[in-house]
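Q: Here you go, this is my_file-v9.pdb (PDB, N, CA and C atoms).
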```pdb
ATOM      1  N   MET A  13       4.422 -26.859 -53.096  1.00  0.00           N
ATOM      2  CA  MET A  13       4.498 -26.407 -51.717  1.00  0.00           C
ATOM      3  C   MET A  13       4.950 -24.954 -51.692  1.00  0.00           C
ATOM      4  N   LEU A  14       4.463 -24.243 -50.697  1.00  0.00           N
ATOM      5  CA  LEU A  14       4.742 -22.818 -50.576  1.00  0.00           C
ATOM      6  C   LEU A  14       5.790 -22.539 -49.518  1.00  0.00           C
ATOM      7  N   ALA A  15       6.383 -21.383 -49.613  1.00  0.00           N
ATOM      8  CA  ALA A  15       7.285 -20.919 -48.567  1.00  0.00           C
ATOM      9  C   ALA A  15       6.452 -20.469 -47.370  1.00  0.00           C
ATOM     10  N   VAL A  16       7.049 -20.471 -46.205  1.00  0.00           N
ATOM     11  CA  VAL A  16       6.384 -19.984 -45.001  1.00  0.00           C
ATOM     12  C   VAL A  16       5.892 -18.561 -45.246  1.00  0.00           C
ATOM     13  N   GLY A  17       4.621 -18.336 -44.905  1.00  0.00           N
ATOM     14  CA  GLY A  17       4.048 -17.010 -45.069  1.00  0.00           C
ATOM     15  C   GLY A  17       3.307 -16.804 -46.372  1.00  0.00           C
ATOM     16  N   ASP A  18       3.452 -17.717 -47.313  1.00  0.00           N
ATOM     17  CA  ASP A  18       2.768 -17.581 -48.602  1.00  0.00           C
ATOM     18  C   ASP A  18       1.408 -18.281 -48.626  1.00  0.00           C
ATOM     19  N   GLY A  19       1.123 -19.060 -47.609  1.00  0.00           N
ATOM     20  CA  GLY A  19      -0.141 -19.790 -47.555  1.00  0.00           C
ATOM     21  C   GLY A  19      -1.078 -19.189 -46.518  1.00  0.00           C
ATOM     22  N   GLU A  20      -1.931 -20.020 -45.973  1.00  0.00           N
ATOM     23  CA  GLU A  20      -2.957 -19.565 -45.044  1.00  0.00           C
ATOM     24  C   GLU A  20      -2.602 -19.780 -43.582  1.00  0.00           C
ATOM     25  N   ILE A  21      -1.526 -20.459 -43.290  1.00  0.00           N
ATOM     26  CA  ILE A  21      -1.137 -20.728 -41.903  1.00  0.00           C
ATOM     27  C   ILE A  21      -0.561 -19.457 -41.283  1.00  0.00           C
ATOM     28  N   ASP A  22      -1.036 -19.136 -40.081  1.00  0.00           N
ATOM     29  CA  ASP A  22      -0.543 -17.968 -39.343  1.00  0.00           C
ATOM     30  C   ASP A  22       0.666 -18.403 -38.516  1.00  0.00           C
ATOM     31  N   PHE A  23       1.837 -18.338 -39.117  1.00  0.00           N
ATOM     32  CA  PHE A  23       3.052 -18.799 -38.442  1.00  0.00           C
ATOM     33  C   PHE A  23       3.420 -17.921 -37.263  1.00  0.00           C
ATOM     34  N   GLN A  24       3.081 -16.644 -37.298  1.00  0.00           N
ATOM     35  CA  GLN A  24       3.346 -15.746 -36.172  1.00  0.00           C
ATOM     36  C   GLN A  24       2.648 -16.291 -34.918  1.00  0.00           C
ATOM     37  N   SER A  25       1.375 -16.591 -35.035  1.00  0.00           N
ATOM     38  CA  SER A  25       0.607 -17.111 -33.894  1.00  0.00           C
ATOM     39  C   SER A  25       1.089 -18.501 -33.484  1.00  0.00           C
ATOM     40  N   LEU A  26       1.363 -19.338 -34.472  1.00  0.00           N
ATOM     41  CA  LEU A  26       1.826 -20.691 -34.193  1.00  0.00           C
ATOM     42  C   LEU A  26       3.140 -20.683 -33.407  1.00  0.00           C
ATOM     43  N   LEU A  27       4.104 -19.926 -33.883  1.00  0.00           N
ATOM     44  CA  LEU A  27       5.400 -19.880 -33.212  1.00  0.00           C
ATOM     45  C   LEU A  27       5.308 -19.184 -31.854  1.00  0.00           C
ATOM     46  N   LYS A  28       4.407 -18.217 -31.745  1.00  0.00           N
ATOM     47  CA  LYS A  28       4.192 -17.542 -30.458  1.00  0.00           C
ATOM     48  C   LYS A  28       3.667 -18.536 -29.420  1.00  0.00           C
ATOM     49  N   GLU A  29       2.755 -19.410 -29.831  1.00  0.00           N
ATOM     50  CA  GLU A  29       2.233 -20.441 -28.925  1.00  0.00           C
ATOM     51  C   GLU A  29       3.326 -21.427 -28.530  1.00  0.00           C
ATOM     52  N   PHE A  30       4.167 -21.811 -29.488  1.00  0.00           N
ATOM     53  CA  PHE A  30       5.294 -22.692 -29.154  1.00  0.00           C
ATOM     54  C   PHE A  30       6.177 -22.040 -28.092  1.00  0.00           C
ATOM     55  N   ALA A  31       6.486 -20.766 -28.274  1.00  0.00           N
ATOM     56  CA  ALA A  31       7.336 -20.051 -27.316  1.00  0.00           C
ATOM     57  C   ALA A  31       6.645 -19.939 -25.963  1.00  0.00           C
ATOM     58  N   LYS A  32       5.370 -19.621 -25.979  1.00  0.00           N
ATOM     59  CA  LYS A  32       4.588 -19.474 -24.743  1.00  0.00           C
ATOM     60  C   LYS A  32       4.595 -20.763 -23.931  1.00  0.00           C
ATOM     61  N   ASN A  33       4.557 -21.888 -24.622  1.00  0.00           N
ATOM     62  CA  ASN A  33       4.560 -23.192 -23.962  1.00  0.00           C
ATOM     63  C   ASN A  33       5.956 -23.775 -23.802  1.00  0.00           C
ATOM     64  N   ARG A  34       6.963 -22.946 -24.073  1.00  0.00           N
ATOM     65  CA  ARG A  34       8.383 -23.310 -23.904  1.00  0.00           C
ATOM     66  C   ARG A  34       8.780 -24.551 -24.708  1.00  0.00           C
ATOM     67  N   TYR A  35       8.204 -24.680 -25.892  1.00  0.00           N
ATOM     68  CA  TYR A  35       8.568 -25.789 -26.776  1.00  0.00           C
ATOM     69  C   TYR A  35       9.998 -25.576 -27.261  1.00  0.00           C
ATOM     70  N   SER A  36      10.804 -26.616 -27.150  1.00  0.00           N
ATOM     71  CA  SER A  36      12.207 -26.481 -27.573  1.00  0.00           C
ATOM     72  C   SER A  36      12.639 -27.625 -28.489  1.00  0.00           C
ATOM     73  N   GLY A  37      11.686 -28.344 -29.027  1.00  0.00           N
ATOM     74  CA  GLY A  37      12.004 -29.451 -29.924  1.00  0.00           C
ATOM     75  C   GLY A  37      12.200 -28.977 -31.352  1.00  0.00           C
ATOM     76  N   ALA A  38      12.282 -29.917 -32.231  1.00  0.00           N
ATOM     77  CA  ALA A  38      12.488 -29.615 -33.645  1.00  0.00           C
ATOM     78  C   ALA A  38      11.182 -29.141 -34.292  1.00  0.00           C
ATOM     79  N   LEU A  39      11.321 -28.306 -35.288  1.00  0.00           N
ATOM     80  CA  LEU A  39      10.204 -27.869 -36.113  1.00  0.00           C
ATOM     81  C   LEU A  39      10.604 -28.155 -37.552  1.00  0.00           C
ATOM     82  N   VAL A  40       9.964 -29.137 -38.163  1.00  0.00           N
ATOM     83  CA  VAL A  40      10.323 -29.570 -39.505  1.00  0.00           C
ATOM     84  C   VAL A  40       9.235 -29.126 -40.479  1.00  0.00           C
ATOM     85  N   LEU A  41       9.620 -28.373 -41.482  1.00  0.00           N
ATOM     86  CA  LEU A  41       8.691 -27.893 -42.496  1.00  0.00           C
ATOM     87  C   LEU A  41       9.194 -28.324 -43.866  1.00  0.00           C
ATOM     88  N   GLU A  42       8.290 -28.825 -44.684  1.00  0.00           N
ATOM     89  CA  GLU A  42       8.659 -29.194 -46.048  1.00  0.00           C
ATOM     90  C   GLU A  42       8.331 -28.047 -46.985  1.00  0.00           C
ATOM     91  N   VAL A  43       9.263 -27.707 -47.830  1.00  0.00           N
ATOM     92  CA  VAL A  43       9.048 -26.696 -48.866  1.00  0.00           C
ATOM     93  C   VAL A  43       9.472 -27.293 -50.201  1.00  0.00           C
ATOM     94  N   GLY A  44       9.089 -26.633 -51.283  1.00  0.00           N
ATOM     95  CA  GLY A  44       9.291 -27.209 -52.609  1.00  0.00           C
ATOM     96  C   GLY A  44      10.713 -27.230 -53.121  1.00  0.00           C
ATOM     97  N   ASN A  45      11.502 -26.211 -52.785  1.00  0.00           N
ATOM     98  CA  ASN A  45      12.863 -26.136 -53.321  1.00  0.00           C
ATOM     99  C   ASN A  45      13.746 -25.282 -52.420  1.00  0.00           C
ATOM    100  N   ILE A  46      14.998 -25.159 -52.758  1.00  0.00           N
ATOM    101  CA  ILE A  46      15.967 -24.445 -51.918  1.00  0.00           C
ATOM    102  C   ILE A  46      15.618 -22.962 -51.792  1.00  0.00           C
ATOM    103  N   LYS A  47      15.109 -22.357 -52.853  1.00  0.00           N
ATOM    104  CA  LYS A  47      14.734 -20.940 -52.793  1.00  0.00           C
ATOM    105  C   LYS A  47      13.634 -20.731 -51.753  1.00  0.00           C
ATOM    106  N   GLN A  48      12.623 -21.588 -51.780  1.00  0.00           N
ATOM    107  CA  GLN A  48      11.549 -21.488 -50.797  1.00  0.00           C
ATOM    108  C   GLN A  48      12.057 -21.792 -49.389  1.00  0.00           C
ATOM    109  N   ALA A  49      13.005 -22.701 -49.274  1.00  0.00           N
ATOM    110  CA  ALA A  49      13.587 -23.012 -47.968  1.00  0.00           C
ATOM    111  C   ALA A  49      14.305 -21.800 -47.390  1.00  0.00           C
ATOM    112  N   LEU A  50      15.048 -21.094 -48.217  1.00  0.00           N
ATOM    113  CA  LEU A  50      15.771 -19.911 -47.742  1.00  0.00           C
ATOM    114  C   LEU A  50      14.814 -18.774 -47.386  1.00  0.00           C
ATOM    115  N   ILE A  51      13.777 -18.596 -48.187  1.00  0.00           N
ATOM    116  CA  ILE A  51      12.756 -17.593 -47.876  1.00  0.00           C
ATOM    117  C   ILE A  51      12.088 -17.942 -46.549  1.00  0.00           C
ATOM    118  N   SER A  52      11.721 -19.203 -46.387  1.00  0.00           N
ATOM    119  CA  SER A  52      11.063 -19.663 -45.164  1.00  0.00           C
ATOM    120  C   SER A  52      11.951 -19.455 -43.950  1.00  0.00           C
ATOM    121  N   ARG A  53      13.215 -19.781 -44.087  1.00  0.00           N
ATOM    122  CA  ARG A  53      14.156 -19.622 -42.972  1.00  0.00           C
ATOM    123  C   ARG A  53      14.219 -18.161 -42.538  1.00  0.00           C
ATOM    124  N   GLY A  54      14.326 -17.268 -43.498  1.00  0.00           N
ATOM    125  CA  GLY A  54      14.391 -15.842 -43.184  1.00  0.00           C
ATOM    126  C   GLY A  54      13.129 -15.351 -42.498  1.00  0.00           C
ATOM    127  N   ARG A  55      11.991 -15.795 -42.975  1.00  0.00           N
ATOM    128  CA  ARG A  55      10.722 -15.379 -42.373  1.00  0.00           C
ATOM    129  C   ARG A  55      10.567 -15.931 -40.961  1.00  0.00           C
ATOM    130  N   ILE A  56      10.948 -17.182 -40.765  1.00  0.00           N
ATOM    131  CA  ILE A  56      10.853 -17.776 -39.428  1.00  0.00           C
ATOM    132  C   ILE A  56      11.792 -17.061 -38.461  1.00  0.00           C
ATOM    133  N   LEU A  57      13.003 -16.779 -38.895  1.00  0.00           N
ATOM    134  CA  LEU A  57      13.943 -16.063 -38.027  1.00  0.00           C
ATOM    135  C   LEU A  57      13.410 -14.680 -37.664  1.00  0.00           C
ATOM    136  N   GLN A  58      12.778 -14.007 -38.604  1.00  0.00           N
ATOM    137  CA  GLN A  58      12.192 -12.691 -38.342  1.00  0.00           C
ATOM    138  C   GLN A  58      11.043 -12.806 -37.331  1.00  0.00           C
ATOM    139  N   ILE A  59      10.209 -13.802 -37.495  1.00  0.00           N
ATOM    140  CA  ILE A  59       9.102 -14.011 -36.556  1.00  0.00           C
ATOM    141  C   ILE A  59       9.638 -14.280 -35.151  1.00  0.00           C
ATOM    142  N   ILE A  60      10.632 -15.150 -35.053  1.00  0.00           N
ATOM    143  CA  ILE A  60      11.216 -15.473 -33.753  1.00  0.00           C
ATOM    144  C   ILE A  60      11.839 -14.240 -33.119  1.00  0.00           C
ATOM    145  N   GLU A  61      12.521 -13.444 -33.904  1.00  0.00           N
ATOM    146  CA  GLU A  61      13.109 -12.206 -33.397  1.00  0.00           C
ATOM    147  C   GLU A  61      12.033 -11.280 -32.847  1.00  0.00           C
ATOM    148  N   ASN A  62      10.928 -11.137 -33.570  1.00  0.00           N
ATOM    149  CA  ASN A  62       9.826 -10.289 -33.113  1.00  0.00           C
ATOM    150  C   ASN A  62       9.188 -10.826 -31.842  1.00  0.00           C
ATOM    151  N   ILE A  63       9.062 -12.140 -31.732  1.00  0.00           N
ATOM    152  CA  ILE A  63       8.452 -12.754 -30.556  1.00  0.00           C
ATOM    153  C   ILE A  63       9.348 -12.544 -29.333  1.00  0.00           C
ATOM    154  N   THR A  64      10.637 -12.713 -29.499  1.00  0.00           N
ATOM    155  CA  THR A  64      11.541 -12.600 -28.345  1.00  0.00           C
ATOM    156  C   THR A  64      11.720 -11.156 -27.898  1.00  0.00           C
ATOM    157  N   LYS A  65      11.420 -10.194 -28.751  1.00  0.00           N
ATOM    158  CA  LYS A  65      11.496  -8.787 -28.370  1.00  0.00           C
ATOM    159  C   LYS A  65      10.335  -8.368 -27.484  1.00  0.00           C
ATOM    160  N   SER A  66       9.190  -9.031 -27.675  1.00  0.00           N
ATOM    161  CA  SER A  66       7.996  -8.621 -26.917  1.00  0.00           C
ATOM    162  C   SER A  66       7.843  -9.360 -25.619  1.00  0.00           C
TER     163      SER A  66
END
```
Would you write out, as C-alpha coordinates, the structure that this file holds?
A:
Amino acid sequence: MLAVGDGEIDFQSLLKEFAKNRYSGALVLEVGNIKQALISRGRILQIIENITKS
(Lines of atoms letter the chains of each structure in order from A and count residues from 1; the text may use other names and numbers.)
(Lines give C-alpha, C1' and ligand atoms only; values in the text may rest on other atoms or scores of the structure.)
Protein backbone atom coordinates (compact mmCIF):
# COMPACT_ATOMS: atom_id res chain seq x y z
CA MET A 1 0.00 0.00 0.00
CA LEU A 2 1.13 3.52 -0.78
CA ALA A 3 1.10 6.72 1.17
CA VAL A 4 -1.44 9.37 0.19
CA GLY A 5 -0.23 11.14 -2.92
CA ASP A 6 2.03 8.33 -4.13
CA GLY A 7 -0.66 6.61 -6.20
CA GLU A 8 -3.15 7.67 -8.84
CA ILE A 9 -5.93 9.02 -6.62
CA ASP A 10 -6.34 12.81 -6.75
CA PHE A 11 -6.76 13.46 -3.04
CA GLN A 12 -6.83 17.24 -3.56
CA SER A 13 -10.00 16.94 -5.66
CA LEU A 14 -11.49 14.25 -3.45
CA LEU A 15 -11.07 16.22 -0.24
CA LYS A 16 -12.24 19.41 -1.96
CA GLU A 17 -15.50 17.65 -2.90
CA PHE A 18 -15.92 16.42 0.68
CA ALA A 19 -15.50 20.00 1.93
CA LYS A 20 -17.83 21.38 -0.75
CA ASN A 21 -20.53 18.95 0.37
CA ARG A 22 -19.83 19.71 4.05
CA TYR A 23 -18.86 16.12 4.83
CA SER A 24 -17.83 15.89 8.47
CA GLY A 25 -17.63 12.15 9.06
CA ALA A 26 -14.63 9.92 9.40
CA LEU A 27 -12.16 9.33 6.59
CA VAL A 28 -10.35 6.02 7.05
CA LEU A 29 -7.36 5.20 4.86
CA GLU A 30 -5.23 2.08 5.06
CA VAL A 31 -1.49 2.44 4.56
CA GLY A 32 1.29 -0.13 4.77
CA ASN A 33 3.21 1.05 7.82
CA ILE A 34 3.68 3.86 10.35
CA LYS A 35 6.07 5.80 8.09
CA GLN A 36 3.48 5.88 5.30
CA ALA A 37 0.79 6.80 7.83
CA LEU A 38 2.79 9.81 9.00
CA ILE A 39 3.55 10.89 5.43
CA SER A 40 -0.14 10.52 4.55
CA ARG A 41 -1.22 12.52 7.59
CA GLY A 42 1.09 15.38 6.68
CA ARG A 43 -0.08 15.43 3.08
CA ILE A 44 -3.75 15.34 4.05
CA LEU A 45 -3.27 18.16 6.55
CA GLN A 46 -1.52 20.22 3.87
CA ILE A 47 -4.34 19.59 1.39
CA ILE A 48 -6.96 20.57 3.97
CA GLU A 49 -5.03 23.72 4.82
CA ASN A 50 -4.89 24.68 1.14
CA ILE A 51 -8.61 23.98 0.67
CA THR A 52 -9.65 26.08 3.68
CA LYS A 53 -7.52 29.01 2.50
CA SER A 54 -9.34 29.25 -0.82
Q: Quick one: of A:Ile21, A:Lys32, A:Lys65, A:Leu41, who's nearest to A:Arg53, counting only C-alpha atoms?
A: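 Among the listed residues, the smallest separation from A:Arg53 belongs to A:Leu41.
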Q: Please return as a PyMOL selection string: the residues of chain A that backbone DSSP assigns to alpha helix (DSSP H).
A: chain A and resi 23-32+46-65
Q: Go through the shown structure with the PyMOL selection byres (((chain A and resi 39 and name CA) around 12) and name CA) and write out the matching residues as a ChimeraX atom specification.
A: /A:23,26-27,30,35-38,40-42,53,56
Q: Translate the PyMOL selection byres ((chain A and resi 16-20) around 6.5), as applied to the file shown, into an explicit residue set as a PyMOL selection string.
A: chain A and resi 14-15+21-23+48+51-52+55
Q: How about saving the chosen residues, N, CA and C atoms kept, as a PDB file, keeping the file's coordinate frame?
A:
```pdb
ATOM      1  N   LEU A  14       4.463 -24.243 -50.697  1.00  0.00           N
ATOM      2  CA  LEU A  14       4.742 -22.818 -50.576  1.00  0.00           C
ATOM      3  C   LEU A  14       5.790 -22.539 -49.518  1.00  0.00           C
ATOM      4  N   ALA A  15       6.383 -21.383 -49.613  1.00  0.00           N
ATOM      5  CA  ALA A  15       7.285 -20.919 -48.567  1.00  0.00           C
ATOM      6  C   ALA A  15       6.452 -20.469 -47.370  1.00  0.00           C
ATOM      7  N   ILE A  21      -1.526 -20.459 -43.290  1.00  0.00           N
ATOM      8  CA  ILE A  21      -1.137 -20.728 -41.903  1.00  0.00           C
ATOM      9  C   ILE A  21      -0.561 -19.457 -41.283  1.00  0.00           C
ATOM     10  N   ASP A  22      -1.036 -19.136 -40.081  1.00  0.00           N
ATOM     11  CA  ASP A  22      -0.543 -17.968 -39.343  1.00  0.00           C
ATOM     12  C   ASP A  22       0.666 -18.403 -38.516  1.00  0.00           C
ATOM     13  N   PHE A  23       1.837 -18.338 -39.117  1.00  0.00           N
ATOM     14  CA  PHE A  23       3.052 -18.799 -38.442  1.00  0.00           C
ATOM     15  C   PHE A  23       3.420 -17.921 -37.263  1.00  0.00           C
ATOM     16  N   GLN A  48      12.623 -21.588 -51.780  1.00  0.00           N
ATOM     17  CA  GLN A  48      11.549 -21.488 -50.797  1.00  0.00           C
ATOM     18  C   GLN A  48      12.057 -21.792 -49.389  1.00  0.00           C
ATOM     19  N   ILE A  51      13.777 -18.596 -48.187  1.00  0.00           N
ATOM     20  CA  ILE A  51      12.756 -17.593 -47.876  1.00  0.00           C
ATOM     21  C   ILE A  51      12.088 -17.942 -46.549  1.00  0.00           C
ATOM     22  N   SER A  52      11.721 -19.203 -46.387  1.00  0.00           N
ATOM     23  CA  SER A  52      11.063 -19.663 -45.164  1.00  0.00           C
ATOM     24  C   SER A  52      11.951 -19.455 -43.950  1.00  0.00           C
ATOM     25  N   ARG A  55      11.991 -15.795 -42.975  1.00  0.00           N
ATOM     26  CA  ARG A  55      10.722 -15.379 -42.373  1.00  0.00           C
ATOM     27  C   ARG A  55      10.567 -15.931 -40.961  1.00  0.00           C
TER      28      ARG A  55
END
```
Q: Please report, as JSON, the centre and edge lengths in Å to one decimal of an axis-aligned box covering all listed atoms of stretch 31-42 of chain A with 3 Å per side.
A:
```
{"center_x": 8.6, "center_y": -24.7, "center_z": -35.4, "size_x": 14.1, "size_y": 16.4, "size_z": 29.2}
```
Q: So what do you get for atom N of A:Ser25 versus atom C of A:Ile46, distance-wise?
A: 22.9 Å
Q: May I ask for the distance between atom C of A:Ala49 and atom CA of A:Asn62, given in Å to one decimal place?
A: 18.9 Å
Q: Do you have the atom N of A:Ala31-atom CA of A:Lys47 distance handy?
A: 25.9 Å
